[in-house]
Amino acid sequence: MSYPQLQALDLSQHYGPTPALDHLSITIDRGESVAIMGPSGSGKTTLLHALAGIDVAQSGEVIFHGADRPVSIHALSSEQRADVRLRHFGFVFQQGLMLSELTVVENVALPLMLCGVDRASAQQTVSAWLNRLGLAGMEDRRLGELSGGQAQRVAVARAQVCGPDVVFADEPTGALDSVTSGEVLHALLESSAEHGTTLVVVTHDESVAARCGRTVRLRDGQVVSDTAVTGVMAP
Ligand SMILES: Nc1ncnc2c1ncn2[C@@H]1O[C@H](COP(=O)(O)OP(=O)(O)OP(=O)(O)O)[C@@H](O)[C@H]1O
Ligand SMILES: [Mg+2]
C-alpha cells in the first residue's frame, strides 16, 4: 500500500484575530510538485513551515511518511523535528539563507557533514551537484561573491545534496529577474523530477506554478482551489 508523503489535517494557527491557517487540510503524494499560491498574508509561509516541521500549528496534525513508518510531526520534540528536517527535507528560501562567509563547497557540504557523511564521499557528491547546476569552477568563492541566480543554484544544490524526500521552497526566485528565475526553477524541477523528490513551492509567479504538477491557492488560511496542471511543461 502506498501512503501520501505529507498530510496536513485540520491545521489552525492564529496570530491575533485573523487566522493564518483556518482548519486547513491538504494531502501531498510522493513525487508531486505543488505550487502554493495566494495573496500576501494568505498563510502560504505559515503552511510551508507547518508542513516542514519548522513550526507546529496551534491545532491539527501533520503526518510525514518517509521510507519507513509515518511520523506525526506534532508529537515530536523540537530536536526530533530538526532531525527529521535534516534527514528528510531540503529547503530553498527567497534570500537563500546561506552562510555568506563560507565558500560554495562548504555551504553545499554542510548538510552532508551534519548527516555524518565522510569528507571524501561528501566532496564527490558536492562536486557532482555543482557540475550539474553549472557551478563548476566556483567552488572556492564565498557566497557574497556570486550573483543572485548563482547563489540560488547553490541553495538548490544544498537542498538536494542529502537526497531528501521533500524539498520546500518559499519564493525561491522572488528576488531574481525572469531569465535567472527560469534557470533556478529549471534546476529545482529537473533535479527533483530526476530523483522523484516531492516539491512544495510557494510562489507569486504564475509561470512558476505552470511548471508544477498542481496548484493550491490559499486565501485567509483556507484552500480555495486545488487543481492539477494539465500539460505541465517539462522541466
Ligand atoms: N510570527 C508572526 N507573528 C504575527 N503574525 C504573523 C506571524 N507570522 C505570520 N503572521 C500573520 O499570519 C498571516 C499569514 O502570514 P504568512 O507569512 O503565512 O503569509 P504569506 O501568504 O506567506 O504572505 P507573503 O506572500 O507576504 O509572504 C499574516 O496575516 C501575517 O501577518
Ligand atoms: Mg510568505
# chains A, B, ... in the order shown; residues from 1 in each chain; ligands from 1
>>> residues_near_ligand(ligand="ligand 2", cutoff="9 Å", atoms="only C-alpha atoms and all ligand atoms", output="PDB file with C-alpha atoms, in the first residue's frame")
ATOM      1  CA  SER A  40       0.218  38.225   0.653  1.00  0.00           C
ATOM      2  CA  GLY A  41      -0.807  37.219   4.158  1.00  0.00           C
ATOM      3  CA  SER A  42      -2.944  34.285   2.997  1.00  0.00           C
ATOM      4  CA  GLY A  43      -0.917  31.772   5.027  1.00  0.00           C
ATOM      5  CA  LYS A  44       1.490  30.301   2.459  1.00  0.00           C
ATOM      6  CA  THR A  45       4.665  30.570   4.543  1.00  0.00           C
ATOM      7  CA  THR A  46       2.812  29.524   7.692  1.00  0.00           C
ATOM      8  CA  LEU A  48       5.062  25.618   4.476  1.00  0.00           C
ATOM      9  CA  ASP A 170       9.475  29.682  -0.296  1.00  0.00           C
ATOM     10  CA  GLU A 171       9.568  32.139  -3.206  1.00  0.00           C
ATOM     11  CA  VAL A 202       5.425  28.873  -2.503  1.00  0.00           C
ATOM     12  CA  THR A 203       5.292  31.389  -5.325  1.00  0.00           C
TER      13      THR A 203
END
>>> residues_near_ligand(ligand="ligand 1", cutoff="12 Å", atoms="only C-alpha atoms and all ligand atoms", output="ChimeraX atom specification")
/A:12-22,36-50,55,57,93-94,169-172,174,201-205,217-223
>>> closest_residue(among="A:Leu114, A:Asp29, A:Gln5, A:Glu106", to="Ser72 (chain A)", atoms="only C-alpha atoms")
A:Gln5
>>> select_by_dssp(residues="region 61-116 of chain A", states="strand (DSSP E or B)", output="VMD selection string")
chain A and resid 61 to 65 70 to 72 89 to 93 103
>>> closest_atom_pairs(of="region 24-136 of chain A", to="region 145-167 of chain A", cutoff="7 Å", atoms="only C-alpha atoms", output="CSV")
residue,atom,partner,partner_atom,distance
A:Gly66,CA,A:Asp165,CA,6.7
A:Arg87,CA,A:Pro164,CA,6.8
A:His88,CA,A:Pro164,CA,4.6
A:Phe89,CA,A:Pro164,CA,4.9
A:Gly90,CA,A:Ala159,CA,4.1
A:Phe91,CA,A:Ala159,CA,5.1
A:Val92,CA,A:Ala155,CA,5.8
A:Gly96,CA,A:Ala155,CA,5.9
A:Val104,CA,A:Val154,CA,6.8
A:Asn107,CA,A:Arg158,CA,6.9
A:Val108,CA,A:Arg158,CA,4.4
A:Pro111,CA,A:Cys162,CA,6.9
A:Leu112,CA,A:Cys162,CA,6.1
A:Val126,CA,A:Val161,CA,7.0
A:Trp129,CA,A:Ala157,CA,5.9
A:Leu130,CA,A:Ala157,CA,6.8
A:Leu133,CA,A:Arg153,CA,6.5
>>> residues_around(residues="Val62 (chain A)", least_positions_apart="3", cutoff="7 Å", atoms="only C-alpha atoms", output="PyMOL selection string")
chain A and resi 7-9+51+72-74
>>> write_last_selection(atoms="N, CA and C atoms", output="PDB file, in the first residue's frame")
ATOM      1  N   GLN A   7       0.640  14.766   4.951  1.00  0.00           N
ATOM      2  CA  GLN A   7      -0.777  15.038   5.171  1.00  0.00           C
ATOM      3  C   GLN A   7      -0.908  16.071   6.272  1.00  0.00           C
ATOM      4  N   ALA A   8      -1.574  17.157   5.960  1.00  0.00           N
ATOM      5  CA  ALA A   8      -1.899  18.149   6.995  1.00  0.00           C
ATOM      6  C   ALA A   8      -3.383  18.001   7.265  1.00  0.00           C
ATOM      7  N   LEU A   9      -3.734  17.878   8.519  1.00  0.00           N
ATOM      8  CA  LEU A   9      -5.129  17.627   8.882  1.00  0.00           C
ATOM      9  C   LEU A   9      -5.620  18.730   9.806  1.00  0.00           C
ATOM     10  N   LEU A  51       4.118  22.291   7.425  1.00  0.00           N
ATOM     11  CA  LEU A  51       4.342  21.019   6.717  1.00  0.00           C
ATOM     12  C   LEU A  51       5.756  20.513   6.948  1.00  0.00           C
ATOM     13  N   SER A  72       4.281  11.475  13.148  1.00  0.00           N
ATOM     14  CA  SER A  72       3.409  12.582  13.486  1.00  0.00           C
ATOM     15  C   SER A  72       4.286  13.750  13.931  1.00  0.00           C
ATOM     16  N   ILE A  73       4.373  14.769  13.073  1.00  0.00           N
ATOM     17  CA  ILE A  73       5.290  15.884  13.332  1.00  0.00           C
ATOM     18  C   ILE A  73       4.953  16.580  14.653  1.00  0.00           C
ATOM     19  N   HIS A  74       3.663  16.657  14.955  1.00  0.00           N
ATOM     20  CA  HIS A  74       3.248  17.361  16.177  1.00  0.00           C
ATOM     21  C   HIS A  74       3.620  16.614  17.454  1.00  0.00           C
TER      22      HIS A  74
END
>>> atom_distance(atom1="CA of Leu199 (chain A)", atom2="CA of Gly31 (chain A)")
7.2 Å
>>> select_by_dssp(residues="region 55-216 of chain A", states="helix (DSSP H, G or I)", output="PyMOL selection string")
chain A and resi 73-75+78-88+104-114+119-132+143-145+148-160+178-195+206-209
>>> atom_distance(atom1="CA of Gly116 (chain A)", atom2="CA of Met138 (chain A)")
24.6 Å
>>> atom_distance(atom1="CA of Asp140 (chain A)", atom2="CA of Leu110 (chain A)")
14.3 Å
>>> closest_residue(among="A:Val179, A:Val216, A:His186, A:Tyr3", to="Ser25 (chain A)", atoms="only C-alpha atoms")
A:Val216
>>> residues_around(residues="Val208 (chain A)", least_positions_apart="4", cutoff="8 Å", atoms="only C-alpha atoms", output="list in words")
Ala35, Gly182, Leu185, Thr203 and Cys212 of chain A
